[in-house]
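Colleague: Pasting a structure below so you can have a look.
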Amino acid sequence: MVDEWSRRRAMKRAIVAVLGMIWACTVSLPGAQAHAIILESSPQHEASLTTPKRLVLRFNSRLEKPLCSVQLIGPHQKTIVLFRQAADAPPDTLAYPLPALEPGDYQARWKVMAADGHVTEGTVVFTVVPSPAAK
Ligand SMILES: [Cu+2]
């Protein structure tokens with residue numbers, strides 16, 4: 001049975017959250033420094049490497065992880081499906097196990113919500129090169 005009251009309450013909360021986000025994004029206060037800024041990644045931005053096993057993005061702020069997403073685009077604009085975030089990552093870090101990646105250029109397009117509700121996005125690019133053993 002659906003509880004009408006709790007459903008309305010959830011809806012109201014969702015609306016308030018969305019309005020809060022809009023407000024936060026349009027009114028940029030000079031003191032609002034908690035937007036998530038990427039501090040480091042693995043693979044590193046513009047790195048060339050053979051076989052990355054994991055994609056790790058570390059930010060300056062705690063993240064609302066259920067509202068964060070990373071899209072990985074590979075050679076020929078192919079989207080690589082990233083499975084669930086690794087559960088062992090700290091609150092300021094997103095980590096995804098990577099499938100075997102073919103050589104080529106990759107873009108990890110991230111979009112995250114910081115603990116303060118502000119959304120930021122960016123892209124980490126890296127290149128997978130053939131491993132010497134595969135030659
Ligand atoms: Cu912020």
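Labeling convention for the structure tokens: chains A, B, ... as they appear, residues from 1 per chain, ligands from 1 in order of appearance.
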List the spatial neighbours of stretch 86-102 of chain A as an MDAnalysis selection string - criterion: any atom at most 10 Å away, only C-alpha atoms, same-chain residues fewer than 6 positions off excluded.
Modeller: chainID A and resid 36 38:42 50:65 68:70 72 74:75 80 110 112 114:115 127:130
Colleague: Could you write out, as a ChimeraX atom specification, all the residues of chain A that DSSP marks as strand (DSSP E or B)?
Modeller: /A:38-42,47-49,54-59,63,69-73,79-80,93-97,104-114,119-128
Colleague: Tell me, in Å to one decimal, how far atom CA of A:Met113 is from atom CA of A:His35.
Modeller: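 Calculated distance between atom CA of A:Met113 and atom CA of A:His35 is 7.9 Å.
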Colleague: Could you state the separation of atom CA of A:Gln71 and atom CA of A:Ser131 in Å, given to one decimal place?
Modeller: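 Separating atom CA of A:Gln71 from atom CA of A:Ser131 is a distance of 24.4 Å.
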Colleague: Given the choices A:Ala133, A:Ala47, A:Val119, A:Val81, which gets closest to ligand 1 if the distance is worked out from only C-alpha atoms and all ligand atoms?
Modeller: A:Val119
Colleague: Could you give me, as JSON, numbers by chain, the residues within 9 Å of A:Phe126, counting only C-alpha atoms and dropping anything in the same chain fewer than 6 positions from it?
Modeller: {"A": [43, 44, 45, 46, 47, 48, 49, 104, 105, 106, 107, 108]}
Colleague: Using only C-alpha atoms and all ligand atoms, find the one residue out of A:Thr123, A:Arg109, A:Ala14, A:Asp116 that sits nearest to ligand 1.
Modeller: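 Under the stated criterion, the closest residue is A:Asp116.
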Colleague: Enumerate the residues of chain A with a DSSP assignment of alpha helix (DSSP H), computed from the backbone, and present them as a ChimeraX atom specification.
Modeller: /A:4-26
